[in-house]
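Peer 1: Have a look at the structure that comes next, please.
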Amino acid sequence: MGFSAVIHELISAKKPIVGHNMIYDIIYLYNQFIDDLPDTYNDFVLKWHQMFPYVYDNKVLSSAADYFGRTDLGKVYEKCINDERIKNSGIKIAFDLDNDFKNYDG
């Protein structure tokens, strides 16, 4: 069963899925761990939404907001922690990594 068990737990939990620029990840996950891809995009969206009703792609959201300019993850993060409008909004931006993840510093 392997990683498929994790996917089935996510489907059962109906918890939000959050990612960045994740359409290819979603398609790959579906094709590898759930089922063959449906024949049409609309069929895929319907089936995906039944399993994962809450999906948030912060690249899509930041693009739609028309506030961030560049929407690569690093630039969105920088804007969130440095922009006065966002700082004063009451939204808390947290990004903590374990000390073993030095490749992500900065």
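Labels used: A, B, ... for chains in the order of the structure tokens, numbers from 1 for residues in each chain, and numbers from 1 for ligands as shown.
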Determine which residues of chain A DSSP labels as strand (DSSP E or B) from the backbone of this structure, then write them out as a ChimeraX atom specification.

Peer 2: /A:17-19,55-57

Peer 1: So that I can check the secondary structure, give me every residue of chain A assigned helix (DSSP H, G or I) by backbone DSSP, as number ranges by chain.

Peer 2: A: 3-13, 23-33, 41-51, 58-65, 73-82, 84-87, 102-104

Peer 1: Could you list, as a ChimeraX atom specification, every residue within 12 Å of A:Phe44, counting only C-alpha atoms and ignoring same-chain residues fewer than 5 positions away?

Peer 2: /A:23,26-27,30-31,34-39,49-52

Peer 1: Could you list, as a tab-separated table (two decimals) with N, CA, C and O atoms, in the first residue's frame, every residue within 9 Å of A:His8, counting only C-alpha atoms and ignoring same-chain residues fewer than 4 positions away?

Peer 2:
```tsv
chain	number	residue	atom	x	y	z
A	3	PHE	N	2.65	4.71	0.05
A	3	PHE	CA	2.20	6.09	0.11
A	3	PHE	C	0.72	6.24	-0.23
A	3	PHE	O	0.09	7.22	0.16
A	4	SER	N	0.16	5.27	-0.91
A	4	SER	CA	-1.29	5.31	-1.20
A	4	SER	C	-2.10	5.38	0.08
A	4	SER	O	-3.16	6.02	0.11
A	12	SER	N	-9.89	10.84	3.32
A	12	SER	CA	-10.85	10.63	4.41
A	12	SER	C	-10.94	11.84	5.33
A	12	SER	O	-12.02	12.17	5.81
A	13	ALA	N	-9.83	12.49	5.57
A	13	ALA	CA	-9.79	13.61	6.52
A	13	ALA	C	-10.47	14.86	6.00
A	13	ALA	O	-10.95	15.68	6.78
A	33	PHE	N	-1.50	7.60	-7.48
A	33	PHE	CA	-1.98	7.05	-6.22
A	33	PHE	C	-3.48	6.88	-6.10
A	33	PHE	O	-3.97	6.30	-5.14
A	34	ILE	N	-4.24	7.41	-7.07
A	34	ILE	CA	-5.69	7.34	-6.95
A	34	ILE	C	-6.30	6.54	-8.09
A	34	ILE	O	-6.94	5.52	-7.87
```

Peer 1: From the set A:Val45, A:Val55, A:Cys80, A:Ile93, which residue has the shortest atom-to-atom contact distance to A:Ile17, counting only C-alpha atoms?

Peer 2: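 For A:Ile17, the nearest of the candidates is A:Val55.
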
Peer 1: I need the residue nearest A:Tyr54 from this list: A:Leu29, A:Leu10, A:Lys75, A:Pro16. Use only C-alpha atoms for the distance.

Peer 2: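 The shortest atom-to-atom distance to A:Tyr54 comes from A:Pro16.
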
Peer 1: As an exercise, work out the distance from atom CA of A:Gly19 to atom CA of A:Thr40 in Å and give it to one decimal place.

Peer 2: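 Answer for the atom CA of A:Gly19 to atom CA of A:Thr40 separation: 23.3 Å.
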
Peer 1: I'd like to know which of A:Val18, A:Ile91, A:Ala5, A:Ile11 is closest to A:Trp48, using only C-alpha atoms.

Peer 2: A:Ile11
